[in-house]
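Content type compact mmCIF, C-alpha atoms, from the file coords39.txt:
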```
# COMPACT_ATOMS: atom_id res chain seq x y z
CA MET A 28 25.60 6.52 1.08
CA ASN A 29 25.83 7.41 4.75
CA THR A 30 28.24 10.25 4.20
CA PHE A 31 25.95 11.52 1.45
CA LEU A 32 22.91 11.37 3.69
CA SER A 33 24.66 12.88 6.69
CA THR A 34 25.12 16.13 4.82
CA LEU A 35 21.39 16.49 4.36
CA PRO A 36 19.03 18.30 6.69
CA ALA A 37 16.38 16.08 8.18
CA VAL A 38 12.74 16.08 7.18
CA PRO A 39 10.32 16.70 10.05
CA ILE A 40 8.15 13.76 11.02
CA ASN A 41 5.02 15.86 10.51
CA SER A 42 5.62 15.81 6.77
CA TYR A 43 5.63 12.03 6.75
CA ILE A 44 2.42 11.96 8.78
CA ALA A 45 0.75 14.32 6.33
CA LEU A 46 1.90 12.31 3.32
CA SER A 47 0.67 9.06 4.85
CA ALA A 48 -2.68 10.61 5.73
CA VAL A 49 -3.12 11.87 2.18
CA LEU A 50 -2.23 8.49 0.69
CA PHE A 51 -4.58 6.69 3.07
CA CYS A 52 -7.44 9.01 2.17
CA ILE A 53 -6.81 8.53 -1.55
CA GLY A 54 -7.01 4.78 -0.98
CA ALA A 55 -10.23 5.12 1.01
CA LEU A 56 -11.67 7.34 -1.71
CA GLY A 57 -10.81 4.71 -4.29
CA VAL A 58 -12.58 2.00 -2.31
CA MET A 59 -15.67 4.15 -2.04
CA ILE A 60 -15.79 5.60 -5.54
CA ARG A 61 -15.00 2.65 -7.80
CA ARG A 62 -17.12 -0.39 -8.60
CA ASN A 63 -14.40 -2.60 -10.06
CA ILE A 64 -13.38 -5.18 -7.44
CA ILE A 65 -9.79 -5.36 -8.67
CA ILE A 66 -9.30 -1.61 -8.36
CA MET A 67 -10.84 -1.69 -4.90
CA LEU A 68 -8.31 -4.34 -3.91
CA MET A 69 -5.53 -2.17 -5.32
CA CYS A 70 -6.75 0.77 -3.27
CA ILE A 71 -6.59 -1.43 -0.18
CA GLU A 72 -2.95 -2.11 -1.09
CA LEU A 73 -2.44 1.64 -1.34
CA MET A 74 -3.78 2.12 2.19
CA LEU A 75 -1.51 -0.66 3.49
CA ASN A 76 1.45 1.06 1.87
CA SER A 77 0.66 4.42 3.43
CA VAL A 78 0.68 2.77 6.85
CA ASN A 79 3.95 1.04 5.97
CA LEU A 80 5.51 4.37 5.09
CA LEU A 81 4.43 5.89 8.39
CA LEU A 82 5.75 2.89 10.34
CA THR A 83 9.10 3.21 8.61
CA ALA A 84 9.26 6.94 9.26
CA PHE A 85 8.55 6.48 12.96
CA SER A 86 11.04 3.61 13.13
CA SER A 87 13.75 5.80 11.64
CA PHE A 88 12.76 8.64 13.89
CA LYS A 89 12.80 6.58 17.09
CA ASN A 90 15.94 4.73 15.97
CA ASP A 91 14.17 1.46 16.67
CA ALA A 92 14.10 -1.47 14.26
CA ASP A 93 10.77 -2.92 15.44
CA GLY A 94 8.72 -0.73 13.14
CA GLN A 95 10.58 -1.88 10.07
CA VAL A 96 10.16 -5.53 11.06
CA PHE A 97 6.45 -4.80 11.37
CA VAL A 98 6.48 -3.40 7.85
CA PHE A 99 8.05 -6.67 6.73
CA PHE A 100 5.21 -8.63 8.33
CA VAL A 101 2.62 -6.31 6.80
CA MET A 102 4.14 -7.05 3.40
CA ALA A 103 3.91 -10.79 4.06
CA VAL A 104 0.26 -10.50 5.09
CA ALA A 105 -0.47 -8.32 2.04
CA ALA A 106 1.02 -10.92 -0.28
CA ALA A 107 -1.11 -13.71 1.20
CA GLU A 108 -4.16 -11.45 1.15
CA VAL A 109 -3.70 -10.62 -2.52
CA ALA A 110 -3.35 -14.29 -3.46
CA VAL A 111 -6.59 -15.20 -1.71
CA GLY A 112 -8.37 -12.02 -2.82
CA LEU A 113 -7.56 -12.55 -6.47
CA GLY A 114 -8.74 -16.16 -6.14
CA ILE A 115 -12.03 -14.86 -4.81
CA ILE A 116 -12.25 -12.36 -7.66
CA VAL A 117 -11.70 -15.10 -10.26
CA MET A 118 -14.41 -17.13 -8.54
CA ILE A 119 -16.82 -14.17 -8.60
CA TYR A 120 -16.07 -13.60 -12.26
CA ARG A 121 -16.78 -17.25 -13.07
CA ASN A 122 -20.12 -17.11 -11.31
CA THR A 123 -21.43 -13.71 -12.33
CA PHE A 124 -19.36 -12.93 -15.47
CA SER A 125 -18.67 -9.50 -14.08
CA ILE A 126 -16.40 -7.84 -11.55
CA ASP A 127 -18.93 -5.20 -10.64
CA ILE A 128 -19.24 -5.00 -6.87
CA ASP A 129 -22.94 -4.11 -7.08
CA ARG A 130 -23.76 -7.48 -8.64
CA LEU A 131 -23.03 -9.05 -5.28
CA SER A 132 -26.20 -7.83 -3.63
CA GLU A 133 -28.25 -11.04 -3.60
CA LEU A 134 -28.31 -11.05 0.17
CA LYS A 135 -30.14 -7.75 0.14
CA ASN A 136 -33.50 -9.02 -1.13
CA MET B 12 18.31 18.93 -0.66
CA SER B 13 16.77 16.14 1.37
CA THR B 14 13.69 18.22 1.97
CA LEU B 15 13.50 18.98 -1.73
CA LEU B 16 13.80 15.28 -2.58
CA PHE B 17 11.11 14.50 -0.01
CA TYR B 18 8.72 16.98 -1.57
CA ILE B 19 9.44 15.79 -5.10
CA PHE B 20 8.83 12.15 -4.16
CA SER B 21 5.73 13.09 -2.17
CA LEU B 22 4.27 14.98 -5.10
CA LEU B 23 4.97 12.11 -7.49
CA THR B 24 3.54 9.58 -5.03
CA ILE B 25 0.33 11.50 -4.56
CA VAL B 26 -0.10 12.17 -8.28
CA SER B 27 0.34 8.51 -9.19
CA ALA B 28 -1.94 7.46 -6.32
CA ILE B 29 -4.64 9.74 -7.71
CA GLY B 30 -3.96 8.13 -11.07
CA VAL B 31 -4.85 4.74 -9.57
CA VAL B 32 -8.26 6.01 -8.55
CA VAL B 33 -9.24 8.06 -11.58
CA SER B 34 -7.83 6.11 -14.53
CA LYS B 35 -10.33 4.52 -16.85
CA THR B 36 -8.88 1.13 -17.65
CA PRO B 37 -7.57 -1.34 -15.03
CA ILE B 38 -4.19 -1.63 -16.77
CA ASN B 39 -3.58 2.09 -16.31
CA SER B 40 -4.53 1.75 -12.66
CA ILE B 41 -2.01 -1.05 -12.23
CA LEU B 42 0.76 0.93 -13.91
CA SER B 43 -0.02 3.94 -11.70
CA LEU B 44 0.08 1.70 -8.65
CA ILE B 45 3.49 0.36 -9.68
CA ALA B 46 4.70 3.96 -10.01
CA THR B 47 3.30 4.69 -6.54
CA PHE B 48 5.16 1.74 -5.06
CA PHE B 49 8.34 2.84 -6.79
CA PHE B 50 8.14 6.31 -5.28
CA ILE B 51 7.33 4.87 -1.87
CA SER B 52 10.50 2.80 -2.25
CA CYS B 53 12.33 6.05 -2.98
CA HIS B 54 10.96 7.35 0.32
CA TYR B 55 12.30 4.26 2.08
CA ILE B 56 15.73 4.81 0.56
CA LEU B 57 15.57 8.42 1.67
CA LEU B 58 14.80 7.22 5.21
CA ASN B 59 17.89 4.97 4.98
CA ALA B 60 15.65 1.90 5.20
CA GLN B 61 17.44 0.22 2.34
CA PHE B 62 16.22 -3.31 3.00
CA LEU B 63 12.60 -2.21 3.00
CA GLY B 64 13.11 -0.19 -0.16
CA ILE B 65 14.39 -3.21 -2.06
CA VAL B 66 11.83 -5.60 -0.55
CA ASN B 67 9.04 -3.17 -1.40
CA MET B 68 10.12 -3.16 -5.02
CA ILE B 69 10.53 -6.94 -5.19
CA VAL B 70 7.41 -7.98 -3.30
CA TYR B 71 4.94 -5.30 -4.31
CA ALA B 72 5.99 -4.14 -7.76
CA GLY B 73 7.49 -7.48 -8.70
CA ALA B 74 5.13 -10.09 -7.30
CA ILE B 75 1.81 -8.59 -6.24
CA MET B 76 1.35 -6.33 -9.22
CA VAL B 77 2.25 -9.16 -11.59
CA LEU B 78 -0.53 -11.17 -9.94
CA PHE B 79 -2.94 -8.32 -10.60
CA LEU B 80 -1.75 -8.01 -14.20
CA PHE B 81 -2.14 -11.75 -14.78
CA THR B 82 -5.66 -11.69 -13.42
CA ILE B 83 -6.64 -8.77 -15.61
CA MET B 84 -5.05 -10.29 -18.69
CA LEU B 85 -6.37 -13.82 -18.15
CA LEU B 86 -9.91 -12.70 -17.47
CA ASN B 87 -9.66 -10.19 -20.34
CA LEU B 88 -11.03 -7.42 -18.18
CA ASN B 89 -9.24 -4.47 -19.68
CA LYS B 90 -12.40 -2.88 -20.95
CA ASP B 91 -13.62 0.63 -20.40
CA SER B 92 -17.07 -0.67 -19.56
CA GLU B 93 -17.09 -0.33 -15.81
CA PRO B 94 -20.48 0.89 -14.66
CA GLN B 95 -20.21 4.05 -12.66
CA HIS B 96 -21.82 5.01 -9.43
CA ASN B 97 -24.30 7.84 -9.70
CA ASN B 98 -23.09 11.32 -8.93
CA PHE B 99 -24.60 11.45 -5.47
CA VAL B 100 -22.51 8.48 -4.35
CA LYS B 101 -19.37 9.97 -5.93
CA VAL B 102 -19.79 13.36 -4.31
CA SER B 103 -20.52 11.84 -0.93
CA ALA B 104 -17.46 9.57 -1.23
CA VAL B 105 -15.25 12.55 -2.01
CA ILE B 106 -16.71 14.50 0.91
CA ALA B 107 -16.30 11.54 3.27
CA SER B 108 -12.66 10.93 2.41
CA GLY B 109 -11.95 14.66 2.56
CA MET B 110 -13.44 14.79 6.03
CA LEU B 111 -11.32 11.80 7.02
CA LEU B 112 -8.23 13.60 5.74
CA ILE B 113 -9.07 16.76 7.65
CA VAL B 114 -9.69 14.83 10.86
CA LEU B 115 -6.44 12.87 10.54
CA LEU B 116 -4.34 15.92 9.70
CA SER B 117 -5.75 18.12 12.46
CA ALA B 118 -5.46 15.35 15.06
CA PHE B 119 -1.85 14.56 14.24
CA LYS B 120 -0.92 18.21 13.89
CA ASP B 121 -1.81 18.86 17.50
CA THR B 122 -0.41 15.60 18.78
CA ILE B 123 3.11 15.93 17.45
CA ASN B 124 4.07 19.49 18.06
CA ILE B 125 6.01 19.27 21.28
CA ASN B 126 9.51 20.11 20.33
CA HIS B 127 10.06 20.64 16.67
CA ASN B 128 13.80 20.39 16.75
CA THR B 129 13.95 16.86 18.06
CA LEU B 130 11.13 15.65 15.86
CA ALA B 131 13.00 15.24 12.63
CA VAL B 132 13.87 11.99 10.97
CA VAL B 133 17.59 11.37 11.16
CA HIS B 134 18.74 9.99 7.85
CA THR B 135 21.96 8.53 9.12
CA ASN B 136 20.66 5.96 11.56
CA GLN B 137 21.60 2.38 10.94
CA VAL B 138 18.37 0.60 11.88
CA GLY B 139 17.25 0.07 8.31
CA LEU B 140 20.33 -1.79 7.20
CA LEU B 141 20.15 -5.47 6.45
CA GLN B 142 22.38 -6.71 9.27
CA ASN B 143 20.50 -4.86 11.97
CA LEU B 144 17.06 -5.84 10.66
CA GLY B 145 18.08 -9.46 10.25
CA THR B 146 19.35 -9.62 13.81
CA VAL B 147 16.08 -8.24 15.15
CA LEU B 148 13.97 -10.42 12.88
CA PHE B 149 15.67 -13.67 13.84
CA THR B 150 15.97 -13.03 17.57
CA LYS B 151 13.16 -10.88 18.87
CA PHE B 152 10.61 -11.66 16.18
CA LEU B 153 11.50 -15.28 15.46
CA VAL B 154 8.12 -16.75 16.46
CA PRO B 155 6.03 -14.29 14.39
CA PHE B 156 8.39 -14.93 11.49
CA GLU B 157 7.76 -18.66 11.66
CA ILE B 158 4.02 -18.15 12.09
CA SER B 159 3.96 -16.02 8.95
CA SER B 160 5.10 -19.10 7.03
CA VAL B 161 1.96 -20.88 8.29
CA LEU B 162 0.00 -17.89 7.00
CA PHE B 163 1.62 -18.31 3.60
CA ILE B 164 0.72 -22.00 3.51
CA ALA B 165 -2.88 -21.07 4.34
CA GLY B 166 -2.83 -18.44 1.60
CA VAL B 167 -1.48 -20.86 -1.00
CA VAL B 168 -4.01 -23.54 -0.10
CA GLY B 169 -6.83 -20.99 -0.11
CA ALA B 170 -5.84 -19.63 -3.51
CA VAL B 171 -5.64 -23.11 -5.01
CA VAL B 172 -8.96 -24.21 -3.54
CA LEU B 173 -10.68 -21.03 -4.70
CA GLY B 174 -9.10 -21.08 -8.12
CA LYS B 175 -9.64 -24.67 -9.19
CA LYS B 176 -12.68 -25.65 -11.16
CA GLU B 177 -15.31 -27.83 -9.55
CA ILE B 178 -15.57 -31.42 -10.78
CA GLY B 179 -18.18 -31.65 -13.50
CA GLU B 180 -18.26 -27.93 -14.11
```
What is this structure when it is put down as C-alpha cells?
Amino acid sequence: MNTFLSTLPAVPINSYIALSAVLFCIGALGVMIRRNIIIMLMCIELMLNSVNLLLTAFSSFKNDADGQVFVFFVMAVAAAEVAVGLGIIVMIYRNTFSIDIDRLSELKN
Amino acid sequence: MSTLLFYIFSLLTIVSAIGVVVSKTPINSILSLIATFFFISCHYILLNAQFLGIVNMIVYAGAIMVLFLFTIMLLNLNKDSEPQHNNFVKVSAVIASGMLLIVLLSAFKDTININHNTLAVVHTNQVGLLQNLGTVLFTKFLVPFEISSVLFIAGVVGAVVLGKKEIGE
C-alpha cells in the first residue's frame, strides 16, 4: 500500500478545502430547504463529515496525528447525538403524528 | 493517478450528497448518505488514514445509518407526502448556502496560498496507521477518551428515557 501510494503525486490541500466547503454548504442547504426532521438530521451528519474530512486532510498534511484523533472523537459525539436525536424524533412523532418541522411552532403564538 | 482518483471520488461524493438533499423519499436520502459516507471513506484511504476509513464505514454506514433506517421503517415514514416550503423560502435557502460557499472558498483561497509546493498532502505518511493513532489516543488523549465513555452513557440513558412510553399512555 505504501509503495503504491508513494508513486503517486500529491493532491494540494486547497482541493480538500474546496471539497469540504462544498459538502458543508450542501449540508447547510439541506437543513434550510427540507421540512422532514430526519433528513435535516442527516444533513447535519453530512456537515460533520465534511469537517471530519478537512481535519483528516490537515492531519495528513501536517504529519500530526492529533487531527485524526479529533475525528475519532467527533464520530463518537455524532453517534451519541444521533441516538438522542432519533429518540427526540420518535417522541415528536408520537405527540404530533408528523415529522414536519413546521408543526413545532406552538411557542410562536 | 492520485489526483484523478481524488477528482473521481470528489465528484461522486458531491453527487451523492446532492442526492441526499433532493431525493423525494427518506429511504433514498439514506441510501445516498450511505454512498456519501462510502466515498468519504475512499478519501480517507487515499489520505492513508486507514483506521479512520474503516471506522467511518463501521460507525457511520454500519451503525448510524442503520439507526436512521430503523426509525424510518418502524415509524412507517417512507411516504412521498412531505409538505414543501414555498418557493420563496427555497430560493432564499439556495442563495444563502451559495453565498456561504462563496465566502468560504474565497477566504480559504487567499489564506492558503503561501507556497504551493509545500502545501500538498503527502500520501505516504504514517500518522493514519492503527499503531500510531492508538499510541496517541491512549497516551495524549486518554482523559478525553475516558470522558467520551461518560458521554455514551448519557446518550444511552437519554435515548431510553426519551423512547420509552409513559406509564398509563
Give me the residues near Phe97 in chain A as a short mmCIF file (atom, residue, chain, number, x, y, z; two decimals) with C-alpha atoms, in the frame of the given file, where near means some atom within 12 Å (using all atoms listed in the file) and where sequence neighbours in that chain fewer than 2 positions away do not count.
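around.cif written:
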```cif
data_model
loop_
_atom_site.label_atom_id
_atom_site.label_comp_id
_atom_site.auth_asym_id
_atom_site.auth_seq_id
_atom_site.Cartn_x
_atom_site.Cartn_y
_atom_site.Cartn_z
CA LEU A 75 -1.51 -0.66 3.49
CA VAL A 78 0.68 2.77 6.85
CA ASN A 79 3.95 1.04 5.97
CA LEU A 80 5.51 4.37 5.09
CA LEU A 81 4.43 5.89 8.39
CA LEU A 82 5.75 2.89 10.34
CA THR A 83 9.10 3.21 8.61
CA PHE A 85 8.55 6.48 12.96
CA SER A 86 11.04 3.61 13.13
CA ASP A 91 14.17 1.46 16.67
CA ALA A 92 14.10 -1.47 14.26
CA ASP A 93 10.77 -2.92 15.44
CA GLY A 94 8.72 -0.73 13.14
CA GLN A 95 10.58 -1.88 10.07
CA PHE A 99 8.05 -6.67 6.73
CA PHE A 100 5.21 -8.63 8.33
CA VAL A 101 2.62 -6.31 6.80
CA MET A 102 4.14 -7.05 3.40
CA ALA A 103 3.91 -10.79 4.06
CA VAL A 104 0.26 -10.50 5.09
CA LEU B 63 12.60 -2.21 3.00
CA LEU B 144 17.06 -5.84 10.66
CA VAL B 147 16.08 -8.24 15.15
CA LEU B 148 13.97 -10.42 12.88
CA LYS B 151 13.16 -10.88 18.87
CA PHE B 152 10.61 -11.66 16.18
CA PRO B 155 6.03 -14.29 14.39
CA PHE B 156 8.39 -14.93 11.49
CA SER B 159 3.96 -16.02 8.95
#
```
Please identify every residue of chain A that has at least one atom no farther than 7 Å from an atom of chain B, counting only C-alpha atoms, and for each give the shortest atom pair and the distance in Å to one decimal, arranged by chain then increasing number, as CSV.
```
residue,atom,partner,partner_atom,distance
A:Asn29,CA,B:Thr135,CA,5.9
A:Leu32,CA,B:His134,CA,6.0
A:Ser33,CA,B:Thr135,CA,5.7
A:Leu35,CA,B:Ser13,CA,5.5
A:Pro36,CA,B:Ser13,CA,6.2
A:Ala37,CA,B:Val132,CA,5.6
A:Val38,CA,B:Ala131,CA,5.5
A:Pro39,CA,B:Ala131,CA,4.0
A:Ile40,CA,B:Ala131,CA,5.3
A:Ala45,CA,B:Leu116,CA,6.3
A:Leu46,CA,B:Ser21,CA,6.7
A:Ala48,CA,B:Leu112,CA,6.3
A:Val49,CA,B:Leu112,CA,6.5
A:Leu50,CA,B:Ile25,CA,6.6
A:Cys52,CA,B:Ser108,CA,5.6
A:Ile53,CA,B:Ile29,CA,6.6
A:Ala55,CA,B:Ser108,CA,6.5
A:Leu56,CA,B:Ser108,CA,5.6
A:Gly57,CA,B:Val32,CA,5.1
A:Met59,CA,B:Ala104,CA,5.8
A:Ile60,CA,B:Lys101,CA,5.7
A:Arg62,CA,B:Gln95,CA,6.8
A:Asn63,CA,B:Glu93,CA,6.7
A:Ile66,CA,B:Pro37,CA,6.9
A:Ala84,CA,B:Leu58,CA,6.9
A:Ser87,CA,B:Val132,CA,6.2
A:Phe88,CA,B:Val132,CA,4.6
A:Asn90,CA,B:Val138,CA,6.3
A:Asp91,CA,B:Val138,CA,6.4
A:Ala92,CA,B:Val138,CA,5.3
A:Val96,CA,B:Leu148,CA,6.5
A:Ala106,CA,B:Ile75,CA,6.4
A:Ala107,CA,B:Gly166,CA,5.0
A:Val109,CA,B:Ile75,CA,7.0
A:Ala110,CA,B:Ala170,CA,5.9
A:Val111,CA,B:Ala170,CA,4.8
A:Gly114,CA,B:Ala170,CA,5.2
A:Ile115,CA,B:Leu173,CA,6.3
A:Val117,CA,B:Gly174,CA,6.9
A:Met118,CA,B:Leu173,CA,6.6
```
Just to confirm, what's the straight-line distance from CA of Gln61 in chain B to CA of Leu80 in chain B in Å (one decimal)? 26.6 Å
For a test of reading the model, state the distance in Å between CA of Arg61 in chain A and CA of Phe124 in chain A, rounded to one decimal. 17.9 Å
What is the distance, in Å and to one decimal place, between CA of Asn76 in chain A and CA of Leu141 in chain B? 20.3 Å
